[in-house]
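Structure file model-v7.cif; described as mmCIF, C-alpha atoms.
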```cif
data_query
loop_
_atom_site.group_PDB
_atom_site.id
_atom_site.type_symbol
_atom_site.label_atom_id
_atom_site.label_comp_id
_atom_site.auth_asym_id
_atom_site.auth_seq_id
_atom_site.Cartn_x
_atom_site.Cartn_y
_atom_site.Cartn_z
ATOM 1 C CA MET A 737 77.253 146.245 -72.186
ATOM 2 C CA SER A 738 78.752 146.987 -68.808
ATOM 3 C CA GLY A 739 79.937 150.552 -68.349
ATOM 4 C CA THR A 740 78.291 151.824 -71.555
ATOM 5 C CA PRO A 741 75.346 154.224 -71.077
ATOM 6 C CA HIS A 742 72.370 154.872 -73.312
ATOM 7 C CA CYS A 743 72.540 151.427 -74.941
ATOM 8 C CA LEU A 744 69.798 148.835 -75.265
ATOM 9 C CA GLU A 745 70.894 145.245 -75.815
ATOM 10 C CA THR A 746 68.847 143.610 -78.526
ATOM 11 C CA THR A 747 68.610 140.446 -80.588
ATOM 12 C CA VAL A 748 68.777 140.817 -84.360
ATOM 13 C CA THR A 749 68.499 138.444 -87.280
ATOM 14 C CA ARG A 750 71.524 139.952 -89.055
ATOM 15 C CA LEU A 751 74.992 138.422 -88.821
ATOM 16 C CA VAL A 752 76.735 138.680 -85.449
ATOM 17 C CA PRO A 753 80.467 137.809 -85.630
ATOM 18 C CA PRO A 754 82.019 135.341 -83.179
ATOM 19 C CA GLY A 755 82.716 137.020 -79.846
ATOM 20 C CA ALA A 756 80.547 140.075 -80.622
ATOM 21 C CA THR A 757 77.387 141.327 -78.932
ATOM 22 C CA VAL A 758 74.769 143.634 -80.459
ATOM 23 C CA ALA A 759 73.610 146.941 -78.996
ATOM 24 C CA HIS A 760 71.517 149.791 -80.371
ATOM 25 C CA VAL A 761 72.426 153.362 -79.511
ATOM 26 C CA ASP A 762 70.022 156.276 -79.871
ATOM 27 C CA LEU A 763 71.836 159.057 -81.734
ATOM 28 C CA ASP A 764 70.985 161.971 -84.044
ATOM 29 C CA GLY A 765 67.307 161.060 -84.004
ATOM 30 C CA GLY A 766 68.001 157.507 -85.206
ATOM 31 C CA ARG A 767 69.345 154.188 -83.933
ATOM 32 C CA VAL A 768 72.863 152.920 -84.504
ATOM 33 C CA ARG A 769 73.573 149.206 -84.511
ATOM 34 C CA VAL A 770 76.848 148.699 -82.672
ATOM 35 C CA LEU A 771 78.740 145.408 -82.476
ATOM 36 C CA HIS A 772 80.965 145.331 -79.420
ATOM 37 C CA ALA A 773 83.223 142.989 -77.486
ATOM 38 C CA GLY A 774 85.729 143.070 -74.642
ATOM 39 C CA ASP A 775 85.832 144.705 -71.243
ATOM 40 C CA SER A 776 84.538 148.288 -71.090
ATOM 41 C CA SER A 777 87.613 149.297 -69.072
ATOM 42 C CA ALA A 778 90.083 148.001 -71.686
ATOM 43 C CA PRO A 779 91.758 150.314 -74.254
ATOM 44 C CA PRO A 780 89.132 151.134 -76.919
ATOM 45 C CA VAL A 781 89.335 150.315 -80.614
ATOM 46 C CA ILE A 782 86.705 151.693 -83.011
ATOM 47 C CA LEU A 783 86.217 149.792 -86.280
ATOM 48 C CA ALA A 784 84.810 151.597 -89.356
ATOM 49 C CA HIS A 785 83.649 149.392 -92.224
ATOM 50 C CA GLY A 786 83.859 150.098 -95.950
ATOM 51 C CA GLY A 787 81.329 151.069 -98.609
ATOM 52 C CA SER A 788 79.225 149.268 -101.210
ATOM 53 C CA THR A 789 77.528 146.176 -99.690
ATOM 54 C CA ASP A 790 79.386 146.329 -96.404
ATOM 55 C CA ASN A 791 78.597 146.685 -92.724
ATOM 56 C CA ALA A 792 80.378 146.179 -89.413
ATOM 57 C CA ALA A 793 79.743 142.425 -89.302
ATOM 58 C CA ILE A 794 81.150 141.874 -92.789
ATOM 59 C CA SER A 795 84.396 143.858 -92.659
ATOM 60 C CA TRP A 796 85.336 142.853 -89.129
ATOM 61 C CA TYR A 797 83.888 139.356 -88.873
ATOM 62 C CA ARG A 798 87.206 137.770 -87.941
ATOM 63 C CA LEU A 799 88.516 140.464 -85.604
ATOM 64 C CA PHE A 800 86.143 140.684 -82.621
ATOM 65 C CA GLU A 801 87.100 137.469 -80.878
ATOM 66 C CA PRO A 802 90.907 137.820 -80.898
ATOM 67 C CA LEU A 803 91.046 141.593 -80.411
ATOM 68 C CA SER A 804 88.574 141.619 -77.523
ATOM 69 C CA GLU A 805 91.007 139.620 -75.384
ATOM 70 C CA THR A 806 92.958 142.833 -74.754
ATOM 71 C CA HIS A 807 90.739 145.678 -76.017
ATOM 72 C CA ARG A 808 87.252 147.103 -75.939
ATOM 73 C CA VAL A 809 86.053 146.688 -79.540
ATOM 74 C CA ILE A 810 83.305 148.945 -80.948
ATOM 75 C CA ALA A 811 82.052 148.628 -84.527
ATOM 76 C CA PRO A 812 79.009 150.603 -85.706
ATOM 77 C CA ASP A 813 77.057 150.287 -88.911
ATOM 78 C CA LEU A 814 77.611 153.710 -90.494
ATOM 79 C CA PRO A 815 74.544 155.760 -91.545
ATOM 80 C CA GLY A 816 73.032 154.255 -94.684
ATOM 81 C CA PHE A 817 74.512 150.813 -93.995
ATOM 82 C CA GLY A 818 73.566 147.660 -92.131
ATOM 83 C CA ALA A 819 70.931 147.962 -89.401
ATOM 84 C CA THR A 820 71.545 151.618 -88.509
ATOM 85 C CA THR A 821 68.353 153.567 -89.197
ATOM 86 C CA GLY A 822 66.971 157.086 -89.079
ATOM 87 C CA ILE A 823 70.251 158.962 -89.731
ATOM 88 C CA GLU A 824 70.924 160.672 -93.057
ATOM 89 C CA PRO A 825 74.122 159.331 -94.700
ATOM 90 C CA GLY A 826 76.786 161.738 -95.927
ATOM 91 C CA GLY A 827 80.365 162.070 -97.098
ATOM 92 C CA PRO A 828 83.630 161.202 -95.337
ATOM 93 C CA GLN A 829 83.632 164.304 -93.148
ATOM 94 C CA GLU A 830 80.082 163.615 -91.989
ATOM 95 C CA GLN A 831 81.079 160.020 -91.287
ATOM 96 C CA ALA A 832 84.019 161.224 -89.187
ATOM 97 C CA ASP A 833 81.781 163.552 -87.179
ATOM 98 C CA PHE A 834 79.304 160.696 -86.717
ATOM 99 C CA LEU A 835 82.067 158.520 -85.250
ATOM 100 C CA LEU A 836 82.975 161.325 -82.855
ATOM 101 C CA ARG A 837 79.378 161.787 -81.671
ATOM 102 C CA LEU A 838 78.921 158.041 -81.230
ATOM 103 C CA SER A 839 82.182 157.827 -79.291
ATOM 104 C CA GLU A 840 81.068 160.631 -77.003
ATOM 105 C CA ARG A 841 77.625 159.081 -76.557
ATOM 106 C CA MET A 842 79.188 155.769 -75.560
ATOM 107 C CA GLU A 843 81.837 157.460 -73.387
ATOM 108 C CA VAL A 844 84.626 155.762 -75.295
ATOM 109 C CA GLY A 845 87.331 158.401 -74.865
ATOM 110 C CA ARG A 846 90.476 158.571 -76.948
ATOM 111 C CA ALA A 847 90.632 155.481 -79.150
ATOM 112 C CA THR A 848 92.562 153.619 -81.780
ATOM 113 C CA VAL A 849 90.467 153.896 -84.951
ATOM 114 C CA CYS A 850 90.668 151.163 -87.565
ATOM 115 C CA GLY A 851 89.012 151.675 -90.948
ATOM 116 C CA VAL A 852 88.866 149.886 -94.276
ATOM 117 C CA SER A 853 88.459 151.695 -97.626
ATOM 118 C CA MET A 854 85.666 154.258 -97.103
ATOM 119 C CA GLY A 855 85.954 153.671 -93.352
ATOM 120 C CA GLY A 856 89.692 154.283 -93.540
ATOM 121 C CA GLU A 857 88.982 157.645 -95.088
ATOM 122 C CA ALA A 858 86.495 158.411 -92.308
ATOM 123 C CA ALA A 859 89.215 157.527 -89.783
ATOM 124 C CA LEU A 860 91.689 159.871 -91.499
ATOM 125 C CA ASN A 861 89.141 162.680 -91.441
ATOM 126 C CA LEU A 862 88.497 162.020 -87.764
ATOM 127 C CA ALA A 863 92.226 162.296 -87.039
ATOM 128 C CA LEU A 864 92.440 165.568 -88.987
ATOM 129 C CA ARG A 865 89.217 167.150 -87.720
ATOM 130 C CA HIS A 866 89.264 165.884 -84.134
ATOM 131 C CA PRO A 867 92.844 164.815 -83.319
ATOM 132 C CA GLU A 868 92.150 164.775 -79.582
ATOM 133 C CA SER A 869 89.829 161.777 -80.096
ATOM 134 C CA VAL A 870 92.342 159.555 -81.949
ATOM 135 C CA ARG A 871 95.210 157.765 -80.235
ATOM 136 C CA ALA A 872 96.329 155.715 -83.249
ATOM 137 C CA LEU A 873 95.131 154.678 -86.715
ATOM 138 C CA VAL A 874 94.974 151.342 -88.533
ATOM 139 C CA LEU A 875 94.068 151.911 -92.186
ATOM 140 C CA VAL A 876 93.232 149.131 -94.652
ATOM 141 C CA ALA A 877 93.275 150.408 -98.266
ATOM 142 C CA PRO A 878 91.978 153.828 -97.183
ATOM 143 C CA GLY A 879 90.182 156.161 -99.562
ATOM 144 C CA GLY A 880 90.911 159.854 -99.945
ATOM 145 C CA LEU A 881 94.473 159.493 -101.189
ATOM 146 C CA VAL A 882 94.138 159.934 -104.975
ATOM 147 C CA PRO A 883 93.484 163.189 -106.901
ATOM 148 C CA ARG A 884 90.994 161.654 -109.342
ATOM 149 C CA ILE A 885 89.462 158.395 -110.575
ATOM 150 C CA GLY A 886 91.550 157.056 -113.467
ATOM 151 C CA ASN A 887 92.152 159.511 -116.302
ATOM 152 C CA ARG A 888 90.274 162.791 -116.767
ATOM 153 C CA VAL A 889 87.667 161.293 -119.093
ATOM 154 C CA ALA A 890 86.895 158.417 -116.711
ATOM 155 C CA HIS A 891 86.710 160.793 -113.780
ATOM 156 C CA THR A 892 84.308 163.186 -115.504
ATOM 157 C CA ALA A 893 82.110 160.285 -116.608
ATOM 158 C CA THR A 894 81.948 158.998 -113.041
ATOM 159 C CA TRP A 895 81.103 162.457 -111.742
ATOM 160 C CA LEU A 896 78.276 162.772 -114.269
ATOM 161 C CA VAL A 897 76.782 159.484 -113.081
ATOM 162 C CA THR A 898 76.775 160.680 -109.471
ATOM 163 C CA ARG A 899 74.818 163.784 -110.535
ATOM 164 C CA LEU A 900 71.847 161.717 -111.729
ATOM 165 C CA PRO A 901 68.712 161.878 -109.527
ATOM 166 C CA GLU A 902 68.782 159.605 -106.486
ATOM 167 C CA GLN A 903 65.374 158.166 -107.348
ATOM 168 C CA LEU A 904 67.005 156.773 -110.497
ATOM 169 C CA LEU A 905 70.445 155.855 -109.142
ATOM 170 C CA VAL A 906 69.437 154.121 -105.905
ATOM 171 C CA PRO A 907 67.313 151.327 -107.430
ATOM 172 C CA VAL A 908 69.748 150.800 -110.302
ATOM 173 C CA ALA A 909 72.759 150.594 -107.977
ATOM 174 C CA SER A 910 70.889 148.357 -105.544
ATOM 175 C CA LEU A 911 70.048 145.975 -108.394
ATOM 176 C CA GLY A 912 73.706 145.848 -109.420
ATOM 177 C CA ASP A 913 74.789 145.150 -105.844
ATOM 178 C CA ARG A 914 72.887 141.876 -105.951
ATOM 179 C CA PHE A 915 75.461 140.312 -108.265
ATOM 180 C CA VAL A 916 77.385 139.245 -105.193
ATOM 181 C CA ASP A 917 79.852 136.940 -106.957
ATOM 182 C CA ILE A 918 81.039 139.729 -109.241
ATOM 183 C CA ALA A 919 81.348 142.159 -106.334
ATOM 184 C CA LEU A 920 83.348 139.704 -104.245
ATOM 185 C CA LYS A 921 85.847 139.081 -107.035
ATOM 186 C CA ALA A 922 86.543 142.817 -107.088
ATOM 187 C CA VAL A 923 87.419 143.042 -103.389
ATOM 188 C CA THR A 924 89.099 139.749 -102.544
ATOM 189 C CA ASN A 925 91.908 137.749 -104.119
ATOM 190 C CA ASP A 926 90.292 134.373 -103.410
ATOM 191 C CA VAL A 927 86.541 134.323 -102.766
ATOM 192 C CA SER A 928 86.713 130.733 -101.484
ATOM 193 C CA THR A 929 88.662 131.858 -98.406
ATOM 194 C CA LEU A 930 85.817 134.068 -97.145
ATOM 195 C CA PRO A 931 83.719 132.597 -94.330
ATOM 196 C CA ALA A 932 80.303 131.427 -95.549
ATOM 197 C CA PRO A 933 78.444 133.645 -93.022
ATOM 198 C CA VAL A 934 80.194 136.717 -94.493
ATOM 199 C CA VAL A 935 79.123 135.838 -98.035
ATOM 200 C CA GLU A 936 75.549 135.269 -96.845
ATOM 201 C CA GLU A 937 75.509 138.612 -95.024
ATOM 202 C CA ILE A 938 76.730 140.424 -98.146
ATOM 203 C CA GLY A 939 73.704 139.022 -99.943
ATOM 204 C CA ARG A 940 71.384 140.221 -97.177
ATOM 205 C CA GLU A 941 72.976 143.673 -97.246
ATOM 206 C CA ALA A 942 72.559 143.851 -101.023
ATOM 207 C CA ARG A 943 68.860 143.005 -100.719
ATOM 208 C CA ARG A 944 68.203 145.607 -98.016
ATOM 209 C CA PRO A 945 65.863 148.363 -99.287
ATOM 210 C CA ARG A 946 67.811 151.412 -100.519
ATOM 211 C CA SER A 947 71.042 149.611 -99.636
ATOM 212 C CA SER A 948 73.073 151.713 -102.079
ATOM 213 C CA LEU A 949 72.068 155.122 -100.649
ATOM 214 C CA GLY A 950 74.920 155.375 -98.113
ATOM 215 C CA TYR A 951 77.597 154.664 -100.703
ATOM 216 C CA LEU A 952 75.963 156.951 -103.248
ATOM 217 C CA ARG A 953 75.924 159.863 -100.793
ATOM 218 C CA TYR A 954 79.586 159.201 -99.997
ATOM 219 C CA HIS A 955 80.504 159.327 -103.698
ATOM 220 C CA ARG A 956 78.482 162.468 -104.309
ATOM 221 C CA ALA A 957 80.382 164.222 -101.548
ATOM 222 C CA ALA A 958 83.778 162.837 -102.593
ATOM 223 C CA ILE A 959 83.790 163.188 -106.388
ATOM 224 C CA GLY A 960 84.095 166.634 -107.963
ATOM 225 C CA ARG A 961 83.756 167.610 -111.593
ATOM 226 C CA THR A 962 87.497 167.588 -112.385
ATOM 227 C CA GLY A 963 89.010 165.971 -109.298
ATOM 228 C CA MET A 964 88.330 164.391 -105.921
ATOM 229 C CA ARG A 965 86.863 166.712 -103.312
ATOM 230 C CA ASN A 966 88.027 164.290 -100.635
ATOM 231 C CA HIS A 967 91.724 164.341 -101.627
ATOM 232 C CA LEU A 968 93.565 164.340 -98.288
ATOM 233 C CA MET A 969 97.151 164.117 -99.500
ATOM 234 C CA PRO A 970 97.769 167.892 -99.231
ATOM 235 C CA HIS A 971 96.789 167.662 -95.550
ATOM 236 C CA ILE A 972 98.179 164.242 -94.670
ATOM 237 C CA ARG A 973 101.182 165.609 -92.755
ATOM 238 C CA GLY A 974 98.675 166.914 -90.235
ATOM 239 C CA VAL A 975 97.855 163.374 -89.092
ATOM 240 C CA GLN A 976 99.927 163.164 -85.918
ATOM 241 C CA ALA A 977 98.575 159.833 -84.646
ATOM 242 C CA PRO A 978 100.827 156.780 -85.078
ATOM 243 C CA THR A 979 99.502 154.936 -88.127
ATOM 244 C CA LEU A 980 99.658 151.438 -89.579
ATOM 245 C CA LEU A 981 98.682 151.163 -93.266
ATOM 246 C CA PHE A 982 97.868 147.617 -94.394
ATOM 247 C CA ARG A 983 97.505 146.909 -98.121
ATOM 248 C CA GLY A 984 96.993 143.988 -100.465
ATOM 249 C CA GLU A 985 99.316 144.129 -103.462
ATOM 250 C CA ASN A 986 96.560 142.779 -105.755
ATOM 251 C CA ASP A 987 94.088 145.532 -104.836
ATOM 252 C CA SER A 988 92.398 146.586 -108.087
ATOM 253 C CA LEU A 989 90.089 149.171 -106.478
ATOM 254 C CA MET A 990 92.360 151.469 -104.491
ATOM 255 C CA PRO A 991 95.750 152.426 -106.010
ATOM 256 C CA LEU A 992 98.631 151.378 -103.785
ATOM 257 C CA ARG A 993 100.620 154.490 -104.703
ATOM 258 C CA GLY A 994 98.330 156.657 -102.558
ATOM 259 C CA SER A 995 99.120 154.666 -99.422
ATOM 260 C CA ARG A 996 102.844 154.637 -100.250
ATOM 261 C CA GLU A 997 102.914 158.421 -100.596
ATOM 262 C CA ALA A 998 100.827 158.921 -97.455
ATOM 263 C CA ALA A 999 103.112 156.671 -95.399
ATOM 264 C CA ALA A 1000 106.128 158.651 -96.631
ATOM 265 C CA ARG A 1001 104.556 162.012 -95.765
ATOM 266 C CA MET A 1002 102.970 161.217 -92.408
ATOM 267 C CA PRO A 1003 105.091 161.918 -89.310
ATOM 268 C CA ASP A 1004 104.651 158.440 -87.770
ATOM 269 C CA ALA A 1005 103.407 155.844 -90.253
ATOM 270 C CA ARG A 1006 104.333 152.347 -91.371
ATOM 271 C CA LEU A 1007 103.117 150.622 -94.543
ATOM 272 C CA VAL A 1008 102.695 146.850 -94.768
ATOM 273 C CA THR A 1009 101.923 145.303 -98.165
ATOM 274 C CA VAL A 1010 100.861 141.689 -98.657
ATOM 275 C CA PRO A 1011 101.259 139.720 -101.927
ATOM 276 C CA ASP A 1012 98.360 137.662 -103.315
ATOM 277 C CA CYS A 1013 95.948 139.844 -101.373
ATOM 278 C CA GLY A 1014 93.095 142.059 -102.593
ATOM 279 C CA HIS A 1015 91.180 145.110 -101.422
ATOM 280 C CA TRP A 1016 89.649 143.474 -98.359
ATOM 281 C CA ALA A 1017 93.086 142.776 -96.947
ATOM 282 C CA GLN A 1018 91.808 142.373 -93.383
ATOM 283 C CA LEU A 1019 89.781 139.368 -94.564
ATOM 284 C CA ASP A 1020 92.016 138.163 -97.421
ATOM 285 C CA ALA A 1021 95.099 138.007 -95.197
ATOM 286 C CA HIS A 1022 93.490 137.815 -91.767
ATOM 287 C CA GLU A 1023 96.305 136.015 -89.943
ATOM 288 C CA ARG A 1024 98.920 138.491 -91.201
ATOM 289 C CA PHE A 1025 96.584 141.414 -90.449
ATOM 290 C CA LEU A 1026 95.989 140.198 -86.908
ATOM 291 C CA ARG A 1027 99.727 139.793 -86.296
ATOM 292 C CA GLU A 1028 100.468 143.285 -87.578
ATOM 293 C CA VAL A 1029 97.637 144.905 -85.622
ATOM 294 C CA THR A 1030 98.503 143.045 -82.423
ATOM 295 C CA SER A 1031 102.143 144.094 -82.749
ATOM 296 C CA PHE A 1032 101.172 147.687 -83.525
ATOM 297 C CA LEU A 1033 98.812 147.945 -80.568
ATOM 298 C CA GLY A 1034 101.415 146.298 -78.364
ATOM 299 C CA GLU A 1035 103.905 149.068 -79.113
ATOM 300 C CA GLY A 1036 102.113 151.287 -76.636
ATOM 301 C CA HIS A 1037 99.974 153.330 -79.043
ATOM 302 C CA PRO A 1038 96.684 152.434 -77.304
#
```

As structure tokens, what does this structure read like?
Amino acid sequence: MSGTPHCLETTVTRLVPPGATVAHVDLDGGRVRVLHAGDSSAPPVILAHGGSTDNAAISWYRLFEPLSETHRVIAPDLPGFGATTGIEPGGPQEQADFLLRLSERMEVGRATVCGVSMGGEAALNLALRHPESVRALVLVAPGGLVPRIGNRVAHTATWLVTRLPEQLLVPVASLGDRFVDIALKAVTNDVSTLPAPVVEEIGREARRPRSSLGYLRYHRAAIGRTGMRNHLMPHIRGVQAPTLLFRGENDSLMPLRGSREAAARMPDARLVTVPDCGHWAQLDAHERFLREVTSFLGEGHP
């Protein structure tokens, strides 16, 4: 990768999206798999994937090729996900700090940060904790914008589950992740529209040893006994970066009201909602997403 230090190009058997190249970056005593594309001198865009059985190749499969025509695209597997190894996974704040350290290691500079779901929450935390590193935000169904999960009983029950020992939870959750068809119906409006390589990669991610650990650690950090520890709404006005929020109207996992309230409170934010579109809106409505992102980036934010 021209112009990027400390990186070793490598060939992997995991999914590599069209237009992307694989690098491994030594960081925090481990190795980070980074998918990248575009000229190293172009305006940078960092892509943060979501949780569950996700990684950089899955969430952003369709974005590398078109976006790299005008931007330097950088998409890591977060700790606990994909082919990143040797780094302890943590909550959304730890994920944000990880993105900052990786950006500094790769000499990225101030970047547009695009995140989906859990990755959107990491991007918001990055903008709040390290505003000098974020030029603009693109958030797809971001987490961190609701005070609790469902009603009080449902929330407490979920919290109790996250308190169980990891040696019990990790294998049970990993087994559940292997029901790929059920998982896909929860995140997309029409499973048949997903590219076959993405579906295959989700299966590989689900079968990876201890594949659920990263998402479990995220939930343990985010879910408190009576409410969400990661609730960012009281601080959302502090996000000064221009922001595009992109949401599917059929998203059953992340309440749309959180994004509506955030867009209303943030100093410079725009919300786009798409009908007949689920949680993975960047994949469900790729053409619309690409148009909105291209327009947003063309407004001078990057």

Where's the centre, and what are the edge lengths in Å to one decimal, of a box along x, y and z enclosing all listed atoms of segment 987-1006 of chain A padded 4 Å per side, as AutoDock Vina command-line options?
```
--center_x 98.1 --center_y 153.8 --center_z -97.9 --size_x 24.0 --size_y 24.5 --size_z 28.3
```

Students should find that atom CA of Glu824 of chain A and atom CA of Trp895 of chain A are spaced 21.4 Å

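Here the question is which of A:Glu902, A:Asp790, A:Glu840, A:Glu801 gets nearest to Leu763 of chain A using all atoms listed in the file, and that residue is A:Glu840.
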
Restricting to only C-alpha atoms, whichever of A:Arg899, A:His772, A:Thr757, A:Gly851 is closest to Ala957 of chain A is A:Arg899

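Considering only C-alpha atoms, the residue among A:Gly950, A:Ile938, A:Thr898, A:Ala877 positioned nearest to Pro815 of chain A is A:Gly950.
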
What's the 12 Å shell around segment 1023-1033 of chain A, counting all atoms listed in the file, without same-chain residues fewer than 6 positions away, as a VMD selection string? chain A and resid 779 to 781 796 798 to 807 847 to 850 871 to 876 978 to 984 1005 to 1011 1013 1016 to 1017

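When atom CA of Met1002 of chain A is paired with atom CA of Gly879 of chain A, their separation reads 15.5 Å.
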
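Those DNA, RNA and protein residues that approach the point (77.6, 145.1, -85.2) to within 8 Å, considering all atoms listed in the file, are A:Val752, A:Pro753, A:Ala756, A:Thr757, A:Val758, A:Ala759, A:Arg769, A:Val770, A:Leu771, A:His772, A:Asn791, A:Ala792, A:Ala793, A:Ala811, A:Pro812, A:Asp813.
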
Selection in question (the file shown): the PyMOL selection byres ((chain A and resi 970) around 12). Which residues does it include, as a ChimeraX atom specification? /A:864,880-883,965-969,971-975,994,997-998,1001-1002

For the file shown, report as a PDB file with C-alpha atoms, in the coordinates of the input the outcome of the PyMOL selection byres ((chain A and resi 787) around 6) at residue level.
```
ATOM      1  CA  GLY A 786      83.859 150.098 -95.950  1.00  0.00           C
ATOM      2  CA  SER A 788      79.225 149.268-101.210  1.00  0.00           C
ATOM      3  CA  ASP A 790      79.386 146.329 -96.404  1.00  0.00           C
ATOM      4  CA  MET A 854      85.666 154.258 -97.103  1.00  0.00           C
ATOM      5  CA  TYR A 951      77.597 154.664-100.703  1.00  0.00           C
TER       6      TYR A 951
END
```

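When you apply the PyMOL selection byres ((chain A and resi 891) around 9) to this structure, what comes back is Arg884, Ile885, Gly886, Asn887, Arg888, Val889, Ala890, Thr892, Ala893, Thr894, Trp895, Leu896, Ile959, Gly960, Arg961, Thr962, Gly963 and Met964 of chain A.
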
Export, as a PDB file, in the coordinates of the input, the selected residues with C-alpha atoms.
```
ATOM      1  CA  ARG A 884      90.994 161.654-109.342  1.00  0.00           C
ATOM      2  CA  ILE A 885      89.462 158.395-110.575  1.00  0.00           C
ATOM      3  CA  GLY A 886      91.550 157.056-113.467  1.00  0.00           C
ATOM      4  CA  ASN A 887      92.152 159.511-116.302  1.00  0.00           C
ATOM      5  CA  ARG A 888      90.274 162.791-116.767  1.00  0.00           C
ATOM      6  CA  VAL A 889      87.667 161.293-119.093  1.00  0.00           C
ATOM      7  CA  ALA A 890      86.895 158.417-116.711  1.00  0.00           C
ATOM      8  CA  THR A 892      84.308 163.186-115.504  1.00  0.00           C
ATOM      9  CA  ALA A 893      82.110 160.285-116.608  1.00  0.00           C
ATOM     10  CA  THR A 894      81.948 158.998-113.041  1.00  0.00           C
ATOM     11  CA  TRP A 895      81.103 162.457-111.742  1.00  0.00           C
ATOM     12  CA  LEU A 896      78.276 162.772-114.269  1.00  0.00           C
ATOM     13  CA  ILE A 959      83.790 163.188-106.388  1.00  0.00           C
ATOM     14  CA  GLY A 960      84.095 166.634-107.963  1.00  0.00           C
ATOM     15  CA  ARG A 961      83.756 167.610-111.593  1.00  0.00           C
ATOM     16  CA  THR A 962      87.497 167.588-112.385  1.00  0.00           C
ATOM     17  CA  GLY A 963      89.010 165.971-109.298  1.00  0.00           C
ATOM     18  CA  MET A 964      88.330 164.391-105.921  1.00  0.00           C
TER      19      MET A 964
END
```

*Nearby residues (only C-alpha atoms) at most 9 Å from Glu936 of chain A, same-chain spacing under 5 positions excluded, as a VMD selection string*: chain A and resid 751 931 941

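Between atom CA of Gly855 of chain A and atom CA of Leu1019 of chain A the separation is 14.9 Å.
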
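In this comparison, which uses only C-alpha atoms, the residue of A:Ala784, A:Glu868, A:Ala819, A:Arg996 approaching Leu835 of chain A most closely is A:Ala784.
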